[in-house]
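Data first, discussion second: the structure below is written as structure tokens.
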Amino acid sequence: FILAFPLLAMSAHAAFRSPCCAQAAERMALFTALSKQSVNYCNKFFVGTSALLRPPNRRYVTFRRGRPFQHWRGRVCLERSLLPFKTLVSSSHIISSRIFSAVPLVAASVTSIPVKEESPDLAKGLGFEKLQQQFIEEYKSTAILYRHKKSGAEVMSVTNDDENKVFGIVFRTPPKDSTGIPHILEHSVLCGSRKYPVKEPFVELLKGSLHTFLNAFTYPDRTCYPVASTNTKDFYNLVNVYLDAVFFPKCVNEIHTFQQEGWHYELDDTSDDLIIKGVVFNEMKGVYSQPDNILGRISQQALFPDNAYAVDSGGDPAEIPNLTFEEFQDFHRKFYHPSNARIWFYGDDDPNDRLQIISAYLDEFDSSSVACESEVEVQKLHTKAKRVVHTYAAGEMGDLGKKNIICVSWLLSETSLDLETELALGFLDHLMLGTPAAPLRNALLESGLGEALVGGGIEDELVQAQFSVGLKNVLGTDIPAVEDLIFSTLRKLVEEGFSSEAVEASVNTIEFSLRENNTGSFPRGLSLMLRSVEKWVYNGDPFEPLRFEKPLKALKSRIATEGAKAVFSPLIQKYILDNPHRVIVELQADSKKGVEDELAEKNMLQKIKGSMTKEDLAELALSTAELRKKQENPDPPEALATVPSLSLNDIQKDPIHVPISISERQGTTILQHDLFTNDVLYAEVVFDMQPVHIKLLPLVPLFCQSLLEMGTKEMDFVQLNNLIGRKTGGISIYPSTSSIRGKKEPSSHIIVRGKAMPFQVPDLFQLMRSVLQDVQFTDQQRFKQFVSQSKARMENRLRGVGHSIVASRMDAMMNVAGWVNEQMGGISYFDILYALEKQVDEDWPTVAESLEQIRRSLFSRTDVLVNLTANEKLLSAAEPHVSMLLQAFPEREISGNWLWNSCLPAANEGLVVPTQVNYVGKAMNIYDTGYVLNGSAYVISKYIANSWLWDRVRVSGGAYGSFCDFDSHSGVMSFLSYRDPNLLKTLDVYDETVQFLRNLTLDNDSLTKAIIGTIGDIDAYQLPDAKGYSSMLRFLLGITEEERKQRREEIMSTRMKDFHEFADVLADAKQKSVVVAIASEDDFSAANNERPGLLHIRKVL
């Protein structure tokens, strides 16, 4: 799906900006876009046992607004370290459709506050008829399905004790072509409405709301608008703005929004070259620059040639300019009607208030037949397989012959699958692909035929389920071998089945996840909404996906009585092997395609301009100026006053308190957080990374992966992975590094993270010990796979989340922590991977010894910290097992710490990648000017992002995202753009920030909004495990409760003079700034021609 705006969330452990969350990346293409945290950093919550799911490779993930990708940078996080950490989870509909948790947990709810009840008389009086009511035991929720008789809208009202309230409205929006109407409309409706006639009420909400979620998604067949907040007043403000936006948007009457968000020809002067701009247009150019996205699009369209999925709802850049404003208007008029809507409420607010709010909007409409017209046709199964060969733009570096991608996909059924079959297919998907030890995944990666998996496994969020799997970076001559391997492995699984250990591990992992219902910072109510909508939007039962107990019990019973082979083998045979509706997609690398595509667009635009008269050109130049003026002129105060907001009286004065007990045992610091966790123990064992030799740092991410994906003397890695899956809720290991304010030396650690039910606690700590001490680094070929996989992931990051690479590179020039992270996840790491791949072949003993040296350096009782989050009883029960784990480690064998004092030479760099869009960064260290941290810096940096950069880089510049990022630990202030059509113009905007601040005047309301929005970041909603983790990070960085309170007071007391004084700070710091950008070779050549010597250019792909 397409997420309209880059999200603000950030992974809980990302606060240290850990670059090595390796395996997760393969499944995180989605929330790479959904997350500012890069592919390698994302969703590494519990990677070891694959409690993660693969995102839908076929769904583009684009995010509505919100500072793009705010969470991949652990740097700003911590105040955003002082700020709590949000935990990003992959798209909830994926979680719910694939991972089904395991083990008896008490309940998914967190408190026992009595919930409010709905009034039948009120509902009837407001025009609602109750269609069905159920108590959802799995989530301790009362759910009522209503139909609004006058408008035909259906409303699901879910009431429980969850303070994180959620609203969402979903429209079926099947496209007929690839001009991107659903996507452009999704962007546009939030740009002003009848009651809120400002340019972008969405941005005003970002500035001054306590929202815990604020975005919009475009799927291939539906568009979703969700919001969430823990503050009831704020929540209803958000609901009103969204309802007015979708039903009464200004964009259908004003062409300027269509031009801004969709596309327009741009001509500043009649002598200039004609160009095309538009936020969605540039966003999709970025999407179409990524091979994995190209693969997903082609596979989907080939699987569904006869229905709405045969075209691209996000928009093909080649087709978007064919969309007319009249078609845009008609699409809204037709599909944005209550009769075509599914409306969802969830949480602890009064259900009667919900109905009163929604009825005020629905009463303005009469029922329509649009629901029949918007139904998605079922794709009939074909009787023959189909092969599609396509090319993608590749760089000149490396052997292009080894850059092929092959994926095999199946459409599983013409009819809807019952819940038990869907559940069984989810288990099957996990068994085949869900862990490093999964047989289909393992067979493909160990074959040596490719470097990384592609395909989304089983995907069931559309009208029909599908299954896809394949490999990337394959030799052209090996493509038949990959196909043969997929089929032979599937046949072997039918014949032999899965091991009992693997089945037990999957059952435990899936059931644990489902019952735990840990969605990180992604609201639980939104996760349930997207799950429910997967049936509801196709006229199915919206309650069914929420009730997993009965089908889960039935499936477990079948496995116990009939055996796993009898359950899963027929599914493979029926839905995959015997299924002729199969598509094989082969993508071939073409080093000339990128240049040819750019030239074709340039020639097309020259031809269009050549057909224009002088009068046409003059009129176009005038309309370009008019559009820019409209974009850059501020809204009048009276219009801004219409957007609802909170006051400072609605904000609590003190920081959110997390209970913490600090003790010391056997020389080890123990942190304990007594919180209700639904009988789950969350544990982190943290080792100081400073003893690792500086030359070994690039091996650390691969070392972490090896610990979880190599075997011991007693167990091979398959057995070890299955044991972790059977006996725990998951284990992960990753490095985490951050600057410490006032110190040159960074805080750098290896974090071993796990979770378990009470009866699993002994196994959790025993397995942690085994993984850290017993794993043997003897499997040369497997380690080479890890290197190849890491290289493939880095290639994906360079194309898809280039801003993370840019930021990492600039950090590495400015502080030691940045340099350490860059060694483990930036361009330097990428360079080393090529050399390491060769070294593994030629000198494996030295590599293996280096891994052992890292282990000897790290794992001792010296400088260890243990962090535990659970209720008091479970914390006490864990203590002896923690002691046993610590006793198993020796005193440090390698004495002393290595001096980490390196930084990259400061230089302006241009990194050449085959891409149609740019990622432009500029950074400076404000602490070098003598600036002393004040909480107002958070307010100012957020305001710069949501006003100045938003207006100039995104709105008028056409970039998909832009933001200002302040790392309070290192002092680095960064400006970054995402999927940007510009380079020099964007740098000019960054440079003009100083003048913007000097000239800025804000009235009291605007300043209050800026403060409240910043507090919203600080008080971001967290589940108990994230609270304990955040508290640990603050401890490691020396952030006290007193400092948190001080910063909060400084934020609350921010004044205009702080903005003006900060302008002087930036002006001084700018003298030592650095620029790093990712773009095509042509764009860099043009930039250096205009400003000679600006950038040192190097090819990286």
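Chain labels run A, B, ... following the order of the structure tokens; each chain numbers its residues from 1, and ligands are numbered from 1 in the order shown.
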
Show me, as CSV, the residues of stretch 704-817 of chain A having an atom within 9 Å of stretch 665-684 of chain A, each with the closest atom pair and its distance in Å, using only C-alpha atoms.
residue,atom,partner,partner_atom,distance
A:Gly729,CA,A:Val680,CA,8.8
A:Ile751,CA,A:Glu684,CA,6.4
A:Val752,CA,A:Glu684,CA,5.5
A:Arg753,CA,A:Glu684,CA,4.4
A:Gly754,CA,A:Ala683,CA,5.3
A:Lys755,CA,A:Tyr682,CA,4.5
A:Ala756,CA,A:Leu681,CA,5.3
A:Met757,CA,A:Val680,CA,4.9
A:Pro758,CA,A:Asp679,CA,6.8
A:Val761,CA,A:Leu681,CA,7.5

(request) Please identify all polymer residues within 7 Å of A:Phe966, counting only C-alpha atoms, omitting same-chain residues fewer than 4 positions from it, and present them as a PyMOL selection string. (result) chain A and resi 76+941+971-974

Can you write out the residues you just picked, keeping N, CA and C atoms, as a PDB file, in the first residue's frame?
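Wrote it out as result38.pdb, contents follow:
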ATOM      1  N   VAL A  76      18.582  12.247  16.969  1.00  0.00           N
ATOM      2  CA  VAL A  76      17.626  13.183  17.501  1.00  0.00           C
ATOM      3  C   VAL A  76      16.702  12.454  18.431  1.00  0.00           C
ATOM      4  N   SER A 941      13.586  23.254  15.826  1.00  0.00           N
ATOM      5  CA  SER A 941      13.900  22.313  14.743  1.00  0.00           C
ATOM      6  C   SER A 941      12.634  21.693  14.177  1.00  0.00           C
ATOM      7  N   GLY A 971      25.126  17.424  18.931  1.00  0.00           N
ATOM      8  CA  GLY A 971      25.021  18.814  18.493  1.00  0.00           C
ATOM      9  C   GLY A 971      24.848  18.979  17.005  1.00  0.00           C
ATOM     10  N   VAL A 972      24.732  17.886  16.262  1.00  0.00           N
ATOM     11  CA  VAL A 972      24.617  17.967  14.807  1.00  0.00           C
ATOM     12  C   VAL A 972      23.188  18.354  14.407  1.00  0.00           C
ATOM     13  N   MET A 973      23.095  19.388  13.607  1.00  0.00           N
ATOM     14  CA  MET A 973      21.832  19.812  13.010  1.00  0.00           C
ATOM     15  C   MET A 973      21.886  19.451  11.538  1.00  0.00           C
ATOM     16  N   SER A 974      20.919  18.645  11.096  1.00  0.00           N
ATOM     17  CA  SER A 974      20.929  18.154   9.714  1.00  0.00           C
ATOM     18  C   SER A 974      19.671  18.589   8.989  1.00  0.00           C
TER      19      SER A 974
END

(request) Give me, please, the distance in Å between atom CA of A:Arg861 and atom CA of A:Val686, quoted to one decimal. (result) 10.5 Å

(message) When DSSP is applied to the backbone of this structure, which of stretch 106-193 of chain A are assigned strand (DSSP E or B)? Write them out as a ChimeraX atom specification.
(response) /A:128-136,141-148,154-159,165-172,193
